[in-house]
$ cat entry_2.txt   # compact mmCIF, N, CA and C atoms
# COMPACT_ATOMS: atom_id res chain seq x y z
N MET P 1 16.25 8.10 -25.64
CA MET P 1 15.37 8.32 -26.77
C MET P 1 16.19 8.80 -27.97
N SER P 2 15.74 8.44 -29.15
CA SER P 2 16.47 8.80 -30.37
C SER P 2 16.74 10.29 -30.48
N GLU P 3 15.77 11.12 -30.07
CA GLU P 3 15.96 12.57 -30.20
C GLU P 3 17.00 13.11 -29.20
N ASP P 4 17.38 12.31 -28.21
CA ASP P 4 18.37 12.74 -27.22
C ASP P 4 19.79 12.27 -27.53
N VAL P 5 19.96 11.54 -28.63
CA VAL P 5 21.28 11.02 -28.98
C VAL P 5 22.21 12.19 -29.33
N ASP P 6 23.40 12.17 -28.75
CA ASP P 6 24.39 13.24 -28.93
C ASP P 6 25.42 12.80 -29.98
N TRP P 7 25.20 13.21 -31.23
CA TRP P 7 26.07 12.84 -32.34
C TRP P 7 27.31 13.72 -32.34
N LYS P 8 28.48 13.07 -32.49
CA LYS P 8 29.74 13.80 -32.50
C LYS P 8 30.65 13.28 -33.61
N PRO P 9 31.54 14.14 -34.10
CA PRO P 9 32.56 13.64 -35.03
C PRO P 9 33.46 12.64 -34.31
N PHE P 10 34.03 11.73 -35.08
CA PHE P 10 34.95 10.73 -34.54
C PHE P 10 36.18 10.76 -35.43
N PRO P 11 37.38 10.95 -34.88
CA PRO P 11 38.58 11.14 -35.71
C PRO P 11 38.83 10.05 -36.75
N ALA P 12 38.40 8.82 -36.49
CA ALA P 12 38.65 7.72 -37.43
C ALA P 12 37.60 7.64 -38.54
N PHE P 13 36.60 8.53 -38.50
CA PHE P 13 35.53 8.52 -39.52
C PHE P 13 35.69 9.69 -40.48
N PRO P 14 35.20 9.53 -41.71
CA PRO P 14 35.12 10.68 -42.62
C PRO P 14 34.23 11.76 -42.00
N PRO P 15 34.37 13.02 -42.45
CA PRO P 15 33.62 14.13 -41.84
C PRO P 15 32.10 13.98 -41.87
N SER P 16 31.54 13.24 -42.82
CA SER P 16 30.09 13.11 -42.93
C SER P 16 29.52 11.96 -42.10
N VAL P 17 30.35 11.36 -41.24
CA VAL P 17 29.92 10.24 -40.40
C VAL P 17 30.04 10.67 -38.93
N ARG P 18 29.03 10.35 -38.15
CA ARG P 18 29.00 10.73 -36.74
C ARG P 18 28.84 9.50 -35.85
N LEU P 19 29.26 9.64 -34.60
CA LEU P 19 29.19 8.56 -33.63
C LEU P 19 28.52 9.09 -32.37
N ALA P 20 27.73 8.25 -31.73
CA ALA P 20 27.11 8.57 -30.44
C ALA P 20 27.33 7.40 -29.49
N VAL P 21 27.77 7.69 -28.29
CA VAL P 21 27.95 6.66 -27.27
C VAL P 21 26.66 6.56 -26.47
N LEU P 22 26.06 5.37 -26.43
CA LEU P 22 24.82 5.16 -25.68
C LEU P 22 25.08 4.50 -24.33
N VAL P 23 25.98 3.52 -24.31
CA VAL P 23 26.23 2.73 -23.09
C VAL P 23 27.72 2.47 -22.99
N GLY P 24 28.26 2.64 -21.79
CA GLY P 24 29.65 2.28 -21.55
C GLY P 24 30.63 3.33 -22.02
N GLN P 25 31.89 2.95 -22.03
CA GLN P 25 33.00 3.79 -22.44
C GLN P 25 33.78 3.00 -23.48
N PRO P 26 33.53 3.24 -24.78
CA PRO P 26 34.15 2.42 -25.83
C PRO P 26 35.67 2.33 -25.76
N SER P 27 36.33 3.34 -25.20
CA SER P 27 37.80 3.31 -25.13
C SER P 27 38.31 2.45 -23.99
N GLU P 28 37.41 1.96 -23.13
CA GLU P 28 37.79 1.17 -21.97
C GLU P 28 37.40 -0.30 -22.15
N PRO P 29 38.03 -1.21 -21.40
CA PRO P 29 37.57 -2.60 -21.43
C PRO P 29 36.14 -2.69 -20.88
N GLY P 30 35.33 -3.53 -21.49
CA GLY P 30 33.96 -3.73 -21.03
C GLY P 30 32.95 -3.49 -22.13
N PRO P 31 31.68 -3.78 -21.83
CA PRO P 31 30.64 -3.65 -22.86
C PRO P 31 30.37 -2.19 -23.22
N TYR P 32 30.04 -1.99 -24.49
CA TYR P 32 29.62 -0.67 -24.95
C TYR P 32 28.57 -0.82 -26.04
N THR P 33 27.78 0.24 -26.21
CA THR P 33 26.84 0.35 -27.33
C THR P 33 26.99 1.75 -27.90
N ILE P 34 27.20 1.80 -29.21
CA ILE P 34 27.32 3.08 -29.91
C ILE P 34 26.36 3.07 -31.09
N ARG P 35 26.10 4.25 -31.63
CA ARG P 35 25.40 4.37 -32.90
C ARG P 35 26.28 5.14 -33.86
N VAL P 36 26.19 4.76 -35.13
CA VAL P 36 26.92 5.42 -36.20
C VAL P 36 25.91 5.90 -37.22
N LYS P 37 26.03 7.19 -37.58
CA LYS P 37 25.16 7.78 -38.60
C LYS P 37 26.04 8.22 -39.77
N ALA P 38 25.71 7.72 -40.95
CA ALA P 38 26.46 8.08 -42.16
C ALA P 38 25.51 8.76 -43.12
N LEU P 39 25.91 9.95 -43.60
CA LEU P 39 25.09 10.67 -44.57
C LEU P 39 25.21 10.02 -45.94
N HIS P 40 24.21 10.28 -46.78
CA HIS P 40 24.17 9.71 -48.13
C HIS P 40 25.50 9.92 -48.84
N GLY P 41 26.05 8.85 -49.38
CA GLY P 41 27.30 8.90 -50.14
C GLY P 41 28.55 8.60 -49.33
N ALA P 42 28.45 8.64 -48.01
CA ALA P 42 29.64 8.40 -47.17
C ALA P 42 30.15 6.97 -47.36
N LYS P 43 31.47 6.86 -47.41
CA LYS P 43 32.12 5.54 -47.53
C LYS P 43 33.13 5.38 -46.40
N LEU P 44 33.11 4.22 -45.77
CA LEU P 44 34.18 3.84 -44.86
C LEU P 44 34.96 2.75 -45.59
N MET P 45 36.16 3.11 -45.96
CA MET P 45 36.99 2.21 -46.76
C MET P 45 37.41 1.00 -45.93
N PRO P 46 37.99 -0.02 -46.57
CA PRO P 46 38.29 -1.27 -45.86
C PRO P 46 39.04 -1.05 -44.55
N HIS P 47 38.49 -1.67 -43.51
CA HIS P 47 39.05 -1.57 -42.17
C HIS P 47 38.66 -2.80 -41.38
N LYS P 48 39.18 -2.89 -40.17
CA LYS P 48 38.80 -4.00 -39.29
C LYS P 48 38.81 -3.50 -37.85
N HIS P 49 38.14 -4.25 -36.99
CA HIS P 49 38.06 -3.97 -35.56
C HIS P 49 38.55 -5.22 -34.83
N PRO P 50 39.30 -5.06 -33.74
CA PRO P 50 39.76 -6.25 -33.02
C PRO P 50 38.62 -6.96 -32.30
N GLU P 51 37.57 -6.22 -31.96
CA GLU P 51 36.48 -6.80 -31.18
C GLU P 51 35.39 -7.38 -32.07
N ASP P 52 34.74 -8.45 -31.58
CA ASP P 52 33.54 -8.98 -32.23
C ASP P 52 32.45 -7.91 -32.08
N ARG P 53 31.62 -7.76 -33.11
CA ARG P 53 30.58 -6.73 -33.09
C ARG P 53 29.23 -7.27 -33.51
N VAL P 54 28.19 -6.69 -32.92
CA VAL P 54 26.81 -6.95 -33.33
C VAL P 54 26.25 -5.62 -33.83
N TYR P 55 25.91 -5.57 -35.12
CA TYR P 55 25.32 -4.38 -35.73
C TYR P 55 23.81 -4.58 -35.82
N THR P 56 23.05 -3.57 -35.46
CA THR P 56 21.61 -3.55 -35.67
C THR P 56 21.29 -2.30 -36.49
N VAL P 57 20.59 -2.48 -37.60
CA VAL P 57 20.24 -1.34 -38.44
C VAL P 57 19.04 -0.64 -37.81
N ILE P 58 19.21 0.63 -37.48
CA ILE P 58 18.15 1.43 -36.85
C ILE P 58 17.29 2.10 -37.93
N SER P 59 17.94 2.71 -38.92
CA SER P 59 17.20 3.36 -40.00
C SER P 59 18.04 3.38 -41.27
N GLY P 60 17.36 3.58 -42.39
CA GLY P 60 18.04 3.56 -43.68
C GLY P 60 18.43 2.16 -44.07
N VAL P 61 19.20 2.06 -45.14
CA VAL P 61 19.71 0.77 -45.60
C VAL P 61 21.22 0.78 -45.37
N PHE P 62 21.69 -0.23 -44.64
CA PHE P 62 23.11 -0.36 -44.30
C PHE P 62 23.76 -1.29 -45.32
N TYR P 63 24.72 -0.76 -46.06
CA TYR P 63 25.46 -1.55 -47.04
C TYR P 63 26.82 -1.88 -46.45
N ILE P 64 27.13 -3.18 -46.34
CA ILE P 64 28.42 -3.63 -45.83
C ILE P 64 28.95 -4.72 -46.77
N GLY P 65 30.24 -4.66 -47.01
CA GLY P 65 30.89 -5.68 -47.83
C GLY P 65 32.10 -6.22 -47.11
N LEU P 66 32.42 -7.47 -47.34
CA LEU P 66 33.59 -8.08 -46.73
C LEU P 66 34.72 -8.13 -47.73
N GLY P 67 35.93 -7.85 -47.25
CA GLY P 67 37.10 -7.93 -48.11
C GLY P 67 38.10 -6.84 -47.81
N GLU P 68 39.28 -7.01 -48.37
CA GLU P 68 40.38 -6.09 -48.12
C GLU P 68 40.43 -4.92 -49.09
N GLU P 69 39.59 -4.95 -50.14
CA GLU P 69 39.51 -3.85 -51.09
C GLU P 69 38.05 -3.47 -51.26
N PHE P 70 37.80 -2.16 -51.43
CA PHE P 70 36.43 -1.70 -51.65
C PHE P 70 35.95 -2.24 -52.99
N ASP P 71 34.86 -2.99 -52.96
CA ASP P 71 34.30 -3.60 -54.17
C ASP P 71 32.78 -3.52 -54.03
N ALA P 72 32.17 -2.59 -54.77
CA ALA P 72 30.73 -2.37 -54.67
C ALA P 72 29.93 -3.63 -54.96
N SER P 73 30.48 -4.55 -55.75
CA SER P 73 29.74 -5.77 -56.07
C SER P 73 29.63 -6.71 -54.87
N LYS P 74 30.43 -6.48 -53.82
CA LYS P 74 30.39 -7.32 -52.63
C LYS P 74 29.48 -6.75 -51.53
N LEU P 75 28.89 -5.60 -51.79
CA LEU P 75 28.03 -4.99 -50.77
C LEU P 75 26.74 -5.77 -50.60
N GLU P 76 26.34 -5.95 -49.35
CA GLU P 76 25.05 -6.55 -49.01
C GLU P 76 24.21 -5.45 -48.38
N ALA P 77 22.94 -5.37 -48.75
CA ALA P 77 22.03 -4.35 -48.22
C ALA P 77 21.22 -4.92 -47.07
N TYR P 78 21.21 -4.21 -45.95
CA TYR P 78 20.44 -4.64 -44.78
C TYR P 78 19.45 -3.55 -44.40
N PRO P 79 18.16 -3.88 -44.31
CA PRO P 79 17.13 -2.91 -43.99
C PRO P 79 17.02 -2.68 -42.47
N PRO P 80 16.23 -1.68 -42.06
CA PRO P 80 16.03 -1.45 -40.63
C PRO P 80 15.56 -2.72 -39.93
N GLY P 81 16.12 -2.96 -38.75
CA GLY P 81 15.80 -4.15 -37.96
C GLY P 81 16.75 -5.31 -38.18
N ALA P 82 17.53 -5.27 -39.26
CA ALA P 82 18.47 -6.36 -39.54
C ALA P 82 19.58 -6.37 -38.49
N VAL P 83 20.07 -7.57 -38.19
CA VAL P 83 21.17 -7.74 -37.25
C VAL P 83 22.30 -8.46 -37.98
N ILE P 84 23.50 -7.92 -37.85
CA ILE P 84 24.67 -8.48 -38.52
C ILE P 84 25.72 -8.79 -37.46
N ILE P 85 26.26 -9.99 -37.49
CA ILE P 85 27.35 -10.38 -36.59
C ILE P 85 28.64 -10.26 -37.38
N LEU P 86 29.60 -9.51 -36.84
CA LEU P 86 30.88 -9.33 -37.52
C LEU P 86 32.00 -9.76 -36.57
N PRO P 87 32.62 -10.92 -36.84
CA PRO P 87 33.73 -11.36 -35.97
C PRO P 87 34.89 -10.36 -36.01
N GLY P 88 35.62 -10.28 -34.91
CA GLY P 88 36.78 -9.39 -34.84
C GLY P 88 37.78 -9.68 -35.95
N ASN P 89 38.49 -8.64 -36.35
CA ASN P 89 39.55 -8.71 -37.36
C ASN P 89 39.05 -9.14 -38.74
N THR P 90 37.77 -8.93 -39.03
CA THR P 90 37.22 -9.21 -40.36
C THR P 90 37.30 -7.95 -41.21
N PRO P 91 38.10 -7.94 -42.28
CA PRO P 91 38.15 -6.76 -43.14
C PRO P 91 36.79 -6.52 -43.80
N HIS P 92 36.33 -5.26 -43.76
CA HIS P 92 35.03 -4.91 -44.32
C HIS P 92 35.00 -3.43 -44.67
N PHE P 93 33.92 -3.03 -45.33
CA PHE P 93 33.74 -1.63 -45.75
C PHE P 93 32.25 -1.33 -45.77
N HIS P 94 31.92 -0.03 -45.70
CA HIS P 94 30.53 0.41 -45.70
C HIS P 94 30.34 1.51 -46.74
N TRP P 95 29.10 1.65 -47.20
CA TRP P 95 28.76 2.74 -48.12
C TRP P 95 27.31 3.12 -47.87
N ALA P 96 27.08 4.41 -47.63
CA ALA P 96 25.70 4.92 -47.50
C ALA P 96 25.20 5.17 -48.93
N LYS P 97 25.01 4.08 -49.62
CA LYS P 97 24.76 4.08 -51.06
C LYS P 97 23.42 4.69 -51.44
N SER P 98 22.37 4.39 -50.69
CA SER P 98 21.03 4.82 -51.09
C SER P 98 20.47 5.93 -50.20
N GLY P 99 21.24 6.39 -49.24
CA GLY P 99 20.77 7.44 -48.33
C GLY P 99 21.41 7.28 -46.97
N GLU P 100 21.04 8.18 -46.06
CA GLU P 100 21.57 8.13 -44.71
C GLU P 100 21.17 6.82 -44.02
N TYR P 101 22.08 6.30 -43.20
CA TYR P 101 21.73 5.15 -42.36
C TYR P 101 22.23 5.38 -40.94
N ILE P 102 21.59 4.69 -40.02
CA ILE P 102 22.04 4.66 -38.63
C ILE P 102 22.13 3.19 -38.22
N THR P 103 23.28 2.81 -37.70
CA THR P 103 23.46 1.46 -37.15
C THR P 103 23.80 1.58 -35.68
N GLN P 104 23.43 0.57 -34.94
CA GLN P 104 23.80 0.47 -33.52
C GLN P 104 24.76 -0.70 -33.39
N ILE P 105 25.86 -0.46 -32.68
CA ILE P 105 26.89 -1.47 -32.54
C ILE P 105 27.09 -1.79 -31.06
N THR P 106 27.06 -3.06 -30.73
CA THR P 106 27.31 -3.52 -29.37
C THR P 106 28.53 -4.44 -29.41
N ALA P 107 29.44 -4.21 -28.47
CA ALA P 107 30.67 -5.00 -28.43
C ALA P 107 31.31 -4.87 -27.05
N MET P 108 32.43 -5.57 -26.89
CA MET P 108 33.25 -5.45 -25.68
C MET P 108 34.47 -4.61 -26.04
N GLY P 109 34.68 -3.52 -25.30
CA GLY P 109 35.80 -2.63 -25.56
C GLY P 109 37.11 -3.19 -25.05
N PRO P 110 38.17 -2.50 -25.43
CA PRO P 110 38.15 -1.20 -26.07
C PRO P 110 37.89 -1.29 -27.58
N LEU P 111 37.20 -0.26 -28.08
CA LEU P 111 36.91 -0.14 -29.50
C LEU P 111 38.23 0.07 -30.25
N GLY P 112 38.35 -0.61 -31.38
CA GLY P 112 39.51 -0.40 -32.23
C GLY P 112 39.05 -0.26 -33.67
N LEU P 113 39.78 0.52 -34.45
CA LEU P 113 39.46 0.67 -35.86
C LEU P 113 40.77 0.89 -36.61
N GLU P 114 41.11 -0.08 -37.46
CA GLU P 114 42.35 -0.02 -38.22
C GLU P 114 42.02 -0.12 -39.71
N TYR P 115 42.36 0.94 -40.45
CA TYR P 115 42.18 0.90 -41.90
C TYR P 115 43.26 0.03 -42.51
N LEU P 116 42.91 -0.70 -43.56
CA LEU P 116 43.89 -1.58 -44.20
C LEU P 116 44.91 -0.79 -45.00
N SER P 117 44.54 0.41 -45.42
CA SER P 117 45.46 1.31 -46.12
C SER P 117 45.52 2.62 -45.34
N ALA P 118 46.72 3.01 -44.90
CA ALA P 118 46.88 4.23 -44.10
C ALA P 118 46.34 5.45 -44.82
N GLN P 119 46.37 5.46 -46.15
CA GLN P 119 45.88 6.63 -46.90
C GLN P 119 44.37 6.82 -46.77
N ASN P 120 43.64 5.77 -46.38
CA ASN P 120 42.19 5.87 -46.20
C ASN P 120 41.79 6.29 -44.79
N ASP P 121 42.74 6.40 -43.89
CA ASP P 121 42.46 6.72 -42.49
C ASP P 121 42.36 8.24 -42.33
N PRO P 122 41.17 8.77 -42.00
CA PRO P 122 41.01 10.21 -41.81
C PRO P 122 41.93 10.79 -40.74
N ARG P 123 42.40 9.96 -39.82
CA ARG P 123 43.32 10.44 -38.79
C ARG P 123 44.67 10.83 -39.37
N ASN P 124 44.96 10.38 -40.60
CA ASN P 124 46.24 10.69 -41.25
C ASN P 124 46.15 11.88 -42.18
N LYS P 125 44.95 12.46 -42.33
CA LYS P 125 44.78 13.61 -43.22
C LYS P 125 45.31 14.87 -42.56
N ILE P 126 45.99 15.68 -43.33
CA ILE P 126 46.49 16.96 -42.84
C ILE P 126 45.50 18.03 -43.23
N SER P 127 45.05 18.79 -42.23
CA SER P 127 44.05 19.84 -42.48
C SER P 127 44.70 21.07 -43.06
$ encode --input "entry_2.txt" --output "C-alpha cells"
Amino acid sequence: MSEDVDWKPFPAFPPSVRLAVLVGQPSEPGPYTIRVKALHGAKLMPHKHPEDRVYTVISGVFYIGLGEEFDASKLEAYPPGAVIILPGNTPHFHWAKSGEYITQITAMGPLGLEYLSAQNDPRNKIS
C-alpha cells in the first residue's frame, strides 16, 4: 500500500529525491520495481541507465526531457497514469517543475545510473 512505502535517500540522487524498493533487489540481476519521489523544484541532471525502463506516473506531473544537456524546452509533461518507455543508455533529465511527483520504474537489474557530467553526480559531492 502507498502508505507503507519506505522512502530512503539514494546516493545518486539529490537530497530532495527519495527512492523506495517495492519488488526485487535493484542492485542484483533480475526484475525490480522502485518508486522515485522528487520534491518540488528537484532536478536530476542529464544521466542514463544501462537498463531499459518502464516509468509509470503515480502522482504529480512528471517532466522528462531527452538529451545530453539540461534544456527546459525539451521537457515533456506526463500526468498521473502515464506510461513512458525509456530504452537503455538514453540520455535524459527530470525536473519536478510544477510540484512533487512520484514515478514507478520497472526494469531488469542491476540498476545503473551514470551522470553525463561528473560534477552533476551527488556521489561526487564532498560534505
$ closest_residue --input "entry_2.txt" --among "P:Leu116, P:Val5, P:Ile64, P:Val83" --to "P:Lys48" --atoms "only N, CA and C atoms"
P:Leu116
$ atom_distance --input "entry_2.txt" --atom1 "atom N of P:Asp71" --atom2 "atom CA of P:Thr106"
24.8 Å
$ residues_near_point --input "entry_2.txt" --point "(21.7, 2.2, -47.6)" --cutoff "12 Å" --atoms "only C-alpha atoms" --output "PyMOL selection string"
chain P and resi 37-43+57-64+75-80+94-103
$ atom_distance --input "entry_2.txt" --atom1 "atom C of P:Ser27" --atom2 "atom C of P:Pro110"
5.2 Å
$ atom_distance --input "entry_2.txt" --atom1 "atom CA of P:Val54" --atom2 "atom CA of P:Ile84"
5.8 Å
$ select_by_dssp --input "entry_2.txt" --residues "stretch 77-120 of chain P" --states "strand (DSSP E)" --output "list in words"
Ala77, Tyr78, Val83, Ile84, Ile85, Leu86, His92, Phe93, His94, Trp95, Tyr101, Ile102, Thr103, Gln104, Ile105, Thr106, Ala107, Met108, Gly109, Glu114 and Tyr115 of chain P
$ closest_residue --input "entry_2.txt" --among "P:Ala12, P:Ser73, P:Asp121, P:Gly81" --to "P:Thr56" --atoms "only C-alpha atoms"
P:Gly81
$ residues_near_point --input "entry_2.txt" --point "(34.9, -2.2, -21.6)" --cutoff "8 Å" --atoms "only N, CA and C atoms" --output "PDB file with N, CA and C atoms, keeping the file's coordinate frame"
ATOM      1  N   GLY P  24      28.260   2.640 -21.790  1.00  0.00           N
ATOM      2  CA  GLY P  24      29.650   2.280 -21.550  1.00  0.00           C
ATOM      3  C   GLY P  24      30.630   3.330 -22.020  1.00  0.00           C
ATOM      4  N   GLN P  25      31.890   2.950 -22.030  1.00  0.00           N
ATOM      5  CA  GLN P  25      33.000   3.790 -22.440  1.00  0.00           C
ATOM      6  C   GLN P  25      33.780   3.000 -23.480  1.00  0.00           C
ATOM      7  N   PRO P  26      33.530   3.240 -24.780  1.00  0.00           N
ATOM      8  CA  PRO P  26      34.150   2.420 -25.830  1.00  0.00           C
ATOM      9  C   PRO P  26      35.670   2.330 -25.760  1.00  0.00           C
ATOM     10  N   SER P  27      36.330   3.340 -25.200  1.00  0.00           N
ATOM     11  CA  SER P  27      37.800   3.310 -25.130  1.00  0.00           C
ATOM     12  C   SER P  27      38.310   2.450 -23.990  1.00  0.00           C
ATOM     13  N   GLU P  28      37.410   1.960 -23.130  1.00  0.00           N
ATOM     14  CA  GLU P  28      37.790   1.170 -21.970  1.00  0.00           C
ATOM     15  C   GLU P  28      37.400  -0.300 -22.150  1.00  0.00           C
ATOM     16  N   PRO P  29      38.030  -1.210 -21.400  1.00  0.00           N
ATOM     17  CA  PRO P  29      37.570  -2.600 -21.430  1.00  0.00           C
ATOM     18  C   PRO P  29      36.140  -2.690 -20.880  1.00  0.00           C
ATOM     19  N   GLY P  30      35.330  -3.530 -21.490  1.00  0.00           N
ATOM     20  CA  GLY P  30      33.960  -3.730 -21.030  1.00  0.00           C
ATOM     21  C   GLY P  30      32.950  -3.490 -22.130  1.00  0.00           C
ATOM     22  N   PRO P  31      31.680  -3.780 -21.830  1.00  0.00           N
ATOM     23  CA  PRO P  31      30.640  -3.650 -22.860  1.00  0.00           C
ATOM     24  C   PRO P  31      30.370  -2.190 -23.220  1.00  0.00           C
ATOM     25  N   TYR P  32      30.040  -1.990 -24.490  1.00  0.00           N
ATOM     26  CA  TYR P  32      29.620  -0.670 -24.950  1.00  0.00           C
ATOM     27  C   TYR P  32      28.570  -0.820 -26.040  1.00  0.00           C
ATOM     28  N   ALA P 107      29.440  -4.210 -28.470  1.00  0.00           N
ATOM     29  CA  ALA P 107      30.670  -5.000 -28.430  1.00  0.00           C
ATOM     30  C   ALA P 107      31.310  -4.870 -27.050  1.00  0.00           C
ATOM     31  N   MET P 108      32.430  -5.570 -26.890  1.00  0.00           N
ATOM     32  CA  MET P 108      33.250  -5.450 -25.680  1.00  0.00           C
ATOM     33  C   MET P 108      34.470  -4.610 -26.040  1.00  0.00           C
ATOM     34  N   GLY P 109      34.680  -3.520 -25.300  1.00  0.00           N
ATOM     35  CA  GLY P 109      35.800  -2.630 -25.560  1.00  0.00           C
ATOM     36  C   GLY P 109      37.110  -3.190 -25.050  1.00  0.00           C
ATOM     37  N   PRO P 110      38.170  -2.500 -25.430  1.00  0.00           N
ATOM     38  CA  PRO P 110      38.150  -1.200 -26.070  1.00  0.00           C
ATOM     39  C   PRO P 110      37.890  -1.290 -27.580  1.00  0.00           C
ATOM     40  N   LEU P 111      37.200  -0.260 -28.080  1.00  0.00           N
ATOM     41  CA  LEU P 111      36.910  -0.140 -29.500  1.00  0.00           C
ATOM     42  C   LEU P 111      38.230   0.070 -30.250  1.00  0.00           C
TER      43      LEU P 111
END
